[in-house]
Amino acid sequence: MLQDRLNKEVLIFDGGFGSQLQELGMKAGEIPEYYNIDHPEMIIDIHKRYIEAGADFITTNTFGANPLKLEQHKYNYKEVILAAIDNAKKARELTNKNVYIALDIGPIGKLMEPMGTLTFDQAYQSVKDMVMLVKDDVDVVLFETMTDIYEVKAGVLAVKECSNLPIFATMTFEANQRSLSGCDPLTMVNVLEGLKVDALGMNCSLGPKEMSPIILSLLENTRFPAIVQPNAGLPVLVDGKTTYPMSADEFVEEALPLVEKGIAIIGGCCGTNPEFIRKLKNNVQKYVTKRDVKPKTRVSSGTTTVEFGHHVVVCGERLNPTGKKKLKAALKEERYDELIVEAIKQEQAGAHVLDVNVGLPGIDEVKVMKHIIKLLQEVIQLPLQIDSSHFQAIEEACRYYNGKPLINSVNGKVETMEAVFPTVQKYGGVVIGLTLDETGIPPLAQQRFEIAKRIIKKASEYGICKEDIIIDCLVLTASAQQKEVMETVKAVAMVKSLGVHTVLGVSNVSFGLPNRPLLNKTFLAMAMSAGLDLPIINPLDKELMNTIDAFNVLYNYDQDATKYIQKQSQAPILMTNSTSSFSLEDVVIHGIKDEVKKATEDLLKEKEGLTIINEILIPALDKIGKDYETGKIFLPQLIQSAEASKIAFDVIKQTFKSTESTKGPVIMATVHGDIHDIGKNIVKVVLESYGYKVIDLGKDVPKEKILDAFRKHHPKAIGLSALMTTTVVSMQETIELLKQEENICPIFVGGAVLSQDIADDIHADYYTKDAMASVNLLNEIIK
Amino acid sequence: MNFSRVKEGALKYLGYQGQTIDYSIASMLDECLNEIDKMSSFKVVYKSFPLDFDPLLIKEVNININYPDLIDLLNNCHDVIIIACTLGIQVDKRSKYYSHIDMTKMTIFDAIASSYLEAKCDEYERHHIIGKRTFRFCPGYGNVPIELNRELARVIDSHRKIGLTVQDSHILLPQKSMIGLIGLGDNNRKKSCKNCLNIKNCDFRKRGQICYKID
């Protein structure tokens, strides 16, 4: 059995396949997987030679044989995969050696959401289709040369949900220790350990020598069997041809020390051939070097991993509508952009993890949580904390999350543990356990400690180790339950003795008392001394962040106080309270965004909001618009003024009781298939600067979604954008669909390839050549 | 790397024609350029193939490129290079990031990134492609369909080699990427606007500029 040998014997994979086919005459641009059908004898021969060289595994010639890549080609993926399996089996029979057959799966070849258009479900389905076809004929599934950990996650889940096959997964990293999608080796380890693959590691891109530092750090960090398949050295491009410089002897000389450090499975990638594998087999040690790697508490996004135990980990609390009127409204009105800005602010302020909670009455939490996570992960590098009491929302969020999340939370109630632990176990995650149970929050530290023990024990029944649990001893308010504040601090110290990390929502302590920041930071310092690892706080609160910086020094986390000195020695920026020396008109015309809020507030003391809009903002914008049209200013200056004006509008709007000043709404979208949204975003900001309410549906928006939005928001106009000739078709289809709707509003279109003629052809109502033209149009048609 | 040339190119994309550039925009141009220079990972892959004429073909990989613009470009050339390059996905991500907090900066960032990619590609060409050659021609311009990108990308395995993908709508991702053709041979063709799709509608021309530079 493979599982019995894994991580005990050093197992050998085969070497390069594509480079072997090239030697046999395959030309550039040919699809190597077709050789399974067109030249099966060649494929069988390559397999045979690897088996004879001593490989324990042969890899099917199916790297790119996925349904999405081969959809428009001569043979479909089914024919190709079945032929490939047949060839591998034949080689095995001919050599009469009991080698393992690995189903090879490479990247799909399209970029995944949110940067690309390939969805998680499409990636999942692609792998599932491949595996379902041959799951009884192969011994293991090998994901290799992967660059996006999110795609690997979709693939691993697909294999696990349709088979019991072991999974090996390798990614390819550049010399800068990042994959092309930005994933680092530690993140790969954390995510793949969470998903419980059977072996993980790296292949391709680099030779054994350049890989060495990455592999060593991999071996230090993973408890899982490690698999490595280096190239025959660093590829060199000579006259447009890729060549690999290493000989088999050099390769083996560099590879063996890596095996000595604990590699469990080794083979070759581009440029290696059966000779490399033979020499490897003949010289490699028989048994895997034992490593002693301690489990660690780590959470990850798709690119960044935070490991506990090196510093206090700050969780930003601001993406939670509880007690936040503005955020509530934004969530209800689907103005998700405001959440993203809030997330960016917290990231800039130094948070390490961000809590995300969208629980509001009337909101479909399952759907919204999934959507917000996607939007956040497009711009935020930090790991997220999925915060919900809705079990299905947690499960769905964990499935579609890119990385290994924090999950907030379970508690001592059996029901919640039984609902959430399977999700943690399946997708990987670090889960927060609240020390309350069916009887509520117990008053004494000892009682909370007992609940913590129960949570840890129950988790272990699901195979969740204590490093994947963080205990919340629960903060009570000093104004109402003064006696119990110290019980929380005591409980933190006790729980730490169980070998788990701890979390607290710090600011709860000060509810109902004056000068809350003082209580918050004092309590924070007390709790950190007792062992608090993960305070959930407002990272924009400088006092709290400074307290944490100071603690990191005093606790000897921040060695030589390097970070502290760096931060504290920065001269504080003095915020002057004096009135701005510029008039609001000047500020908008010159786009001085830092001054606009103050200038507007000052002016509001003298004038009514509407008067400011009509007498100052609109004339200033008109001047800017004219200057832009006549070439006195250019694009960045127009946008700068628009952004300044938008801020002024926002300040003024807050003084209004109703929405009397807003015009619109206007729906804007970049059509399906197109991911260029710069033009649309520029139009949006300029429209907003004129006081229009814009509902931005984003990029790559299916026509049905635009129709739904029309029915929901009853806009005064819809603006569609497309950059490419190829996506104008999609624009046309969208217009066709919208025009079937009764009482449809005017539709205006724009984008690099659009012109009045094209707009007429596709039956758009209006064409606007740029942002100013859109404003002029809407001013005319929306009364 | 000639930074002032990158800035010059970016300004042109932004519609600049001699207006006063205030301090904040000037410093944003520098910041964006420095940031892109640090964070981008320029990658390139290319391969050269003999040409067949009448009709114009890259026979070895069975690609028909018999389009008037390419016939014109590759006249007198013996080989053609298929080249692809990219600044990597991190640049796209950063651009998206700025779009949420600072549209002015994002617009400048995007223009700098486009210009930087051009400059990097020019620099690479100068150092690695020796001998007489034509300018780079990218499908999607003139009468050469953008659909050709998919074939070209496959032939040079751009996804595996440099992470450059072609989406269903033929858009290249990462966004700051380029796939082009360069003829090898003695051909005195210069870039011109005559076959551009946008010739009637071109803002550059209205301003008395052209969107490309002539070496």
# chains A, B, ... in the order shown; residues from 1 in each chain; ligands from 1
call {"tool": "residues_around", "arguments": {"residues": "Phe748 of chain A", "least_positions_apart": "3", "cutoff": "8 Å", "atoms": "only C-alpha atoms", "output": "list in words"}}
result
Ala717, Ile718, Gly719, Leu720, Ala764, Asp765, Tyr766, Tyr767 and Thr768 of chain A
call {"tool": "write_last_selection", "arguments": {"atoms": "N, CA and C atoms", "output": "compact mmCIF listing (two decimals), in the first residue's frame"}}
result
# COMPACT_ATOMS: atom_id res chain seq x y z
N ALA A 717 -30.72 55.66 -15.34
CA ALA A 717 -29.94 55.32 -16.54
C ALA A 717 -29.01 54.17 -16.20
N ILE A 718 -28.62 53.45 -17.25
CA ILE A 718 -27.65 52.37 -17.07
C ILE A 718 -26.45 52.66 -17.98
N GLY A 719 -25.26 52.63 -17.41
CA GLY A 719 -24.05 52.84 -18.19
C GLY A 719 -23.29 51.54 -18.33
N LEU A 720 -22.97 51.16 -19.57
CA LEU A 720 -22.22 49.92 -19.80
C LEU A 720 -20.87 50.25 -20.42
N ALA A 764 -27.72 50.87 -28.46
CA ALA A 764 -27.60 51.65 -27.22
C ALA A 764 -28.32 52.97 -27.45
N ASP A 765 -28.82 53.57 -26.37
CA ASP A 765 -29.52 54.84 -26.55
C ASP A 765 -28.53 55.99 -26.75
N TYR A 766 -27.42 55.92 -26.06
CA TYR A 766 -26.44 57.00 -26.15
C TYR A 766 -25.02 56.45 -26.13
N TYR A 767 -24.13 57.20 -26.76
CA TYR A 767 -22.70 56.91 -26.66
C TYR A 767 -22.04 58.10 -25.99
N THR A 768 -21.21 57.85 -24.98
CA THR A 768 -20.47 58.96 -24.38
C THR A 768 -18.99 58.66 -24.50
call {"tool": "interface_residues", "arguments": {"of": "chain B", "to": "chain A", "cutoff": "7 Å", "atoms": "only C-alpha atoms", "output": "ChimeraX atom specification"}}
result
/B:14-16,19,46-48,61,89,93,96-97,100-101,103-104,107-108,154-156,159,163,165-167,169,173
call {"tool": "write_last_selection", "arguments": {"atoms": "C-alpha atoms", "output": "tab-separated table (two decimals), in the first residue's frame"}}
result
chain	number	residue	atom	x	y	z
B	14	LEU	CA	-3.05	60.34	-19.80
B	15	GLY	CA	-3.71	62.89	-22.51
B	16	TYR	CA	-0.99	65.26	-21.43
B	19	GLN	CA	-0.40	71.49	-19.07
B	46	TYR	CA	9.88	34.25	-27.22
B	47	LYS	CA	10.56	31.84	-30.03
B	48	SER	CA	11.52	32.32	-33.62
B	61	VAL	CA	3.16	25.54	-35.97
B	89	ILE	CA	-0.41	39.85	-11.47
B	93	LYS	CA	-3.74	43.79	-7.71
B	96	LYS	CA	-7.25	47.50	-7.99
B	97	TYR	CA	-6.15	48.52	-4.50
B	100	HIS	CA	-10.66	51.88	-3.94
B	101	ILE	CA	-8.79	54.63	-2.17
B	103	MET	CA	-8.64	57.07	-8.29
B	104	THR	CA	-6.18	59.75	-9.35
B	107	THR	CA	-5.15	56.25	-13.19
B	108	ILE	CA	-1.54	57.37	-13.05
B	154	ARG	CA	-0.21	28.35	-27.00
B	155	VAL	CA	2.75	28.06	-29.34
B	156	ILE	CA	5.13	29.71	-26.91
B	159	HIS	CA	0.93	30.41	-19.43
B	163	GLY	CA	2.01	33.06	-16.31
B	165	THR	CA	-3.17	33.67	-19.93
B	166	VAL	CA	-5.68	34.43	-22.65
B	167	GLN	CA	-9.24	34.63	-21.39
B	169	SER	CA	-12.85	37.10	-24.44
B	173	LEU	CA	-4.23	38.44	-18.01
call {"tool": "select_by_dssp", "arguments": {"residues": "segment 19-204 of chain B", "states": "helix (DSSP H, G or I)", "output": "number ranges by chain"}}
result
B: 23-39, 59-61, 68-74, 89-101, 103-128, 148-155, 158-162, 199-201, 203-204
call {"tool": "closest_residue", "arguments": {"among": "B:Ser158, B:Asn34, B:Thr134, B:Ser95", "to": "Leu70 of chain B", "atoms": "only C-alpha atoms"}}
result
B:Thr134
call {"tool": "closest_residue", "arguments": {"among": "B:Lys43, B:Lys190, B:Arg133, B:Lys59", "to": "Met178 of chain B", "atoms": "only C-alpha atoms"}}
result
B:Lys43
call {"tool": "closest_residue", "arguments": {"among": "B:Arg150, B:Arg189, B:Arg205, B:Lys194", "to": "Cys77 of chain B", "atoms": "only C-alpha atoms"}}
result
B:Arg189
